[in-house]
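Taking it in order: structure first as structure tokens, then the write-up.
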Amino acid sequence: MRRTRIFGTGKAVPAKVVTNRDLEKFVDTSDPWITLRTGIKERRILEEGRTTSDLAAEAGRAALLAAGLPASSLDAIIVCTVTPDSPLPACAVHVQQKLGATCPAFDLAAACAGFIYGLSVADGLCRTGNFQRVLVIGVEVLSRAMIDWSDRNTCVLFGDGAGAVVVGPSPVDDERGILSTHLFADGTQAGALRVPAGGVALPTSPATVAERQHFVKMNGKGVFAHAVRNIARASLTAIEKNGFAPEDVTWVIAHQANLRILEAVAEKTRLPMAKFYLNIHKYGNTSSASIPIALDEAVRDGTVKPGDLLLMSALGAGFSWGSALVRW
């Protein structure tokens, strides 16, 4: 069976930059406090008048351009997001329309693990032989949809952005591509990172709005512990299942949630921090957009080269987590 390869990458980040110093003006926090605990120095916030699908389409166009393909060649569009333009219809159909594509399009929600889940689904679609080109986009506008800007424990963490890849079957005898993907979930931990209201369990009402139940609620210590343990396990699973050792990995393109999480993962997996591609200081946690944004930057700045062995891993609300190993 032919492998699936990534043929092009792209990203889109808002022009508006909000620094830690900016946050000091309206939240009880400080630049040293945020930097020490997270590694974040600034984040991007989407401008008024633009939507999630606008960012997603921009990243998708960049990925298609890098792959040398028109939107009309796409067989499917997968948009990984928990912050769509609206609850109905899927964000992906807006992206399809903005790109000028005519293929099937659907959303996938796995929070910060969304891109890994989406990449795995795209890999499976291509391996059936019925799909030749699939656009996978991770995109979030958390600043507008889920962030309580009065909560210093969460508002300092997140930013907006989009990243995209075009995947399809590798040429015959090409050893490069997605070697494997590994997906996991643990619903017993669903309460650790959630938005309580706005769904069927707790519909929107004046009371839920007044109680600020439509914003992210997080057990920081619990999320940290599970993220370190599960990202490390998933990373080692991907490496070992393919007959490699940690020292064989060229670059780790991990979810950029918190620098201290990545440092702890590095220690558990015996992967040196020098192998972790980092851009968290510029964008903060962009959830499902995090890995594809980092991948696009690493490819375009020449860090990632043909033949490199890339490890991707992430954990998000659910808990949902996963990993992928890619020969670039």
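To be explicit about the labels: the chains of the structure tokens are called A, B, and onward in the order shown, and within each one the residues are counted from 1, while ligands get numbers from 1 in the order they are shown.
For stretch 167-202 of chain A, backbone-based DSSP assignment of strand (DSSP E) covers Val167, Gly168, Pro169, Gly177, Ile178, Leu179, Ser180, Thr181, His182, Leu183, Phe184, Ala185, Leu193 and Arg194 of chain A.
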For stretch 164-167 of chain A, find every residue with an atom within 10 Å (counting only C-alpha atoms), except residues of its own chain fewer than 2 positions away, and show them as a ChimeraX atom specification. /A:4-12,56-67,69,74,77-80,115,119,122-123,126,131-139,162,169-170,177-178,289,291-293,295-296
Give me the residues of stretch 125-198 of chain A that have any atom at most 6 Å from an atom of stretch 212-224 of chain A; for each, the nearest atom pair and the distance in Å, rounded to one decimal. Use only C-alpha atoms, sort by chain and number, and format it as CSV.
residue,atom,partner,partner_atom,distance
A:Met146,CA,A:Phe215,CA,4.5
A:Ile147,CA,A:Phe215,CA,5.4
A:Asp148,CA,A:Phe215,CA,5.6
A:Ala192,CA,A:Asn219,CA,5.1
A:Leu193,CA,A:Met218,CA,4.5
A:Arg194,CA,A:Lys217,CA,5.5
A:Val195,CA,A:Val216,CA,4.8
A:Pro196,CA,A:Gln213,CA,5.5
A:Ala197,CA,A:His214,CA,5.1
Keeping C-alpha atoms, export the residues of the selection given above as an mmCIF file, in the first residue's frame.
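Ended up saving to again01.cif:
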data_model
loop_
_atom_site.group_PDB
_atom_site.id
_atom_site.type_symbol
_atom_site.label_atom_id
_atom_site.label_comp_id
_atom_site.auth_asym_id
_atom_site.auth_seq_id
_atom_site.Cartn_x
_atom_site.Cartn_y
_atom_site.Cartn_z
ATOM 1 C CA MET A 146 -14.082 30.813 24.230
ATOM 2 C CA ILE A 147 -11.667 33.041 26.138
ATOM 3 C CA ASP A 148 -12.640 34.930 29.285
ATOM 4 C CA ALA A 192 -10.610 18.928 33.261
ATOM 5 C CA LEU A 193 -10.785 21.188 30.198
ATOM 6 C CA ARG A 194 -14.200 22.249 28.954
ATOM 7 C CA VAL A 195 -16.684 24.911 27.991
ATOM 8 C CA PRO A 196 -19.703 24.054 30.170
ATOM 9 C CA ALA A 197 -22.544 25.858 28.361
#
Of A:Ala232, A:Val156, A:Ala225, A:Leu55, the one sitting nearest A:Ser30 when using only C-alpha atoms is A:Val156
I'd like the contact shell of A:Thr269 - 8 Å cut-off, only C-alpha atoms, skipping same-chain residues fewer than 3 positions apart - returned as a list in words.
Ala232, Ser235, Leu236, Pro246, Val265 and Ala266 of chain A
Only C-alpha atoms, please: the residues just picked out, written as a PDB file, in the first residue's frame.
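The resulting part28.pdb:
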ATOM      1  CA  ALA A 232       5.269  11.259  25.986  1.00  0.00           C
ATOM      2  CA  SER A 235       5.429   9.926  21.050  1.00  0.00           C
ATOM      3  CA  LEU A 236       7.288   6.805  22.111  1.00  0.00           C
ATOM      4  CA  PRO A 246      14.411   8.541  20.048  1.00  0.00           C
ATOM      5  CA  VAL A 265       7.993  15.556  27.551  1.00  0.00           C
ATOM      6  CA  ALA A 266      11.564  15.896  26.327  1.00  0.00           C
TER       7      ALA A 266
END
Checklist entry - Quick one: residues within 8 Å of A:Gln189, only C-alpha atoms counted, chain neighbours fewer than 2 positions away excluded, as a PyMOL selection string? => result chain A and resi 186-187+191-192+318-319
Min atom-atom distance to A:Ile231 from the set A:Met273, A:Leu278, A:Met312, A:Val209, counting only C-alpha atoms, belongs to A:Met312
For this session: With a distance cut-off of 8 Å and only C-alpha atoms, select the neighbouring residues of A:Ala92, excluding the residue or stretch itself and same-chain residues fewer than 2 positions from it, and output the selection as an MDAnalysis selection string.
Result: chainID A and resid 53 77:79 90 94:96 105:107
Distance query A:Thr102 at most 10 Å, only C-alpha atoms, self and fewer than 5 positions along chain excluded, as JSON, numbers by chain: {"A": [71, 72, 73, 74, 75, 76, 77, 93, 96, 97]}
Can you pull out every residue within 8 Å of A:Thr250, counting only C-alpha atoms, but drop anything in the same chain fewer than 3 positions away, and send it as a PyMOL selection string?
chain A and resi 247+275+308-310
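Picture a line from atom CA of A:Gly39 to atom CA of A:Ile280; it runs 6.7 Å.
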ask   = stretch 145-259 of chain A: which residues are alpha helix (DSSP H) by DSSP, as a VMD selection string?
value = chain A and resid 145 152 to 155 206 to 210 220 to 241 259
Would you mind exporting the chosen residues as a JSON list (two decimals), in the first residue's frame, restricted to C-alpha atoms?
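Below is the file that was written, part-v6.json:
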[["chain", "number", "residue", "atom", "x", "y", "z"],
["A", 145, "ALA", "CA", -15.36, 32.27, 20.97],
["A", 152, "ARG", "CA", -5.69, 35.48, 34.01],
["A", 153, "ASN", "CA", -5.22, 31.71, 34.25],
["A", 154, "THR", "CA", -6.55, 31.10, 30.74],
["A", 155, "CYS", "CA", -6.55, 34.32, 28.73],
["A", 206, "PRO", "CA", -29.36, 34.52, 30.37],
["A", 207, "ALA", "CA", -28.14, 32.64, 33.44],
["A", 208, "THR", "CA", -25.33, 30.76, 31.64],
["A", 209, "VAL", "CA", -24.17, 33.99, 30.03],
["A", 210, "ALA", "CA", -24.21, 35.86, 33.34],
["A", 220, "GLY", "CA", -4.34, 23.58, 35.03],
["A", 221, "LYS", "CA", -2.46, 21.08, 37.19],
["A", 222, "GLY", "CA", -4.53, 18.17, 35.92],
["A", 223, "VAL", "CA", -4.11, 19.14, 32.29],
["A", 224, "PHE", "CA", -0.37, 19.59, 32.74],
["A", 225, "ALA", "CA", 0.12, 16.14, 34.29],
["A", 226, "HIS", "CA", -1.98, 14.32, 31.70],
["A", 227, "ALA", "CA", -0.38, 16.25, 28.82],
["A", 228, "VAL", "CA", 3.13, 15.31, 29.85],
["A", 229, "ARG", "CA", 2.33, 11.65, 30.48],
["A", 230, "ASN", "CA", 0.14, 11.04, 27.43],
["A", 231, "ILE", "CA", 2.12, 13.07, 24.88],
["A", 232, "ALA", "CA", 5.27, 11.26, 25.99],
["A", 233, "ARG", "CA", 3.61, 7.84, 25.70],
["A", 234, "ALA", "CA", 2.09, 8.61, 22.30],
["A", 235, "SER", "CA", 5.43, 9.93, 21.05],
["A", 236, "LEU", "CA", 7.29, 6.81, 22.11],
["A", 237, "THR", "CA", 4.53, 4.63, 20.62],
["A", 238, "ALA", "CA", 4.99, 6.26, 17.21],
["A", 239, "ILE", "CA", 8.77, 5.91, 17.39],
["A", 240, "GLU", "CA", 8.83, 2.30, 18.59],
["A", 241, "LYS", "CA", 6.04, 1.02, 16.32],
["A", 259, "LEU", "CA", 7.01, 25.36, 27.17]]
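Between atom CA of A:Thr181 and atom CA of A:Ile116 the separation is 7.7 Å.
Distances here use only C-alpha atoms; by that measure, the residue among A:Val200, A:Arg327, A:Val13, A:Ser86 closest to A:Phe244 is A:Arg327.
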Enumerate, in order of chain and increasing residue number, the residues of stretch 17-84 of chain A with an atom no farther than 8 Å from stretch 158-161 of chain A, each with its shortest atom pair and distance in Å to one decimal, counting only C-alpha atoms, as CSV.
residue,atom,partner,partner_atom,distance
A:Arg43,CA,A:Gly159,CA,5.0
A:Arg44,CA,A:Gly159,CA,5.3
A:Ile45,CA,A:Asp160,CA,5.4
A:Leu46,CA,A:Asp160,CA,6.3
A:Leu55,CA,A:Gly161,CA,6.8
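Between atom CA of A:Ala294 and atom CA of A:Pro14 the separation is 15.1 Å.
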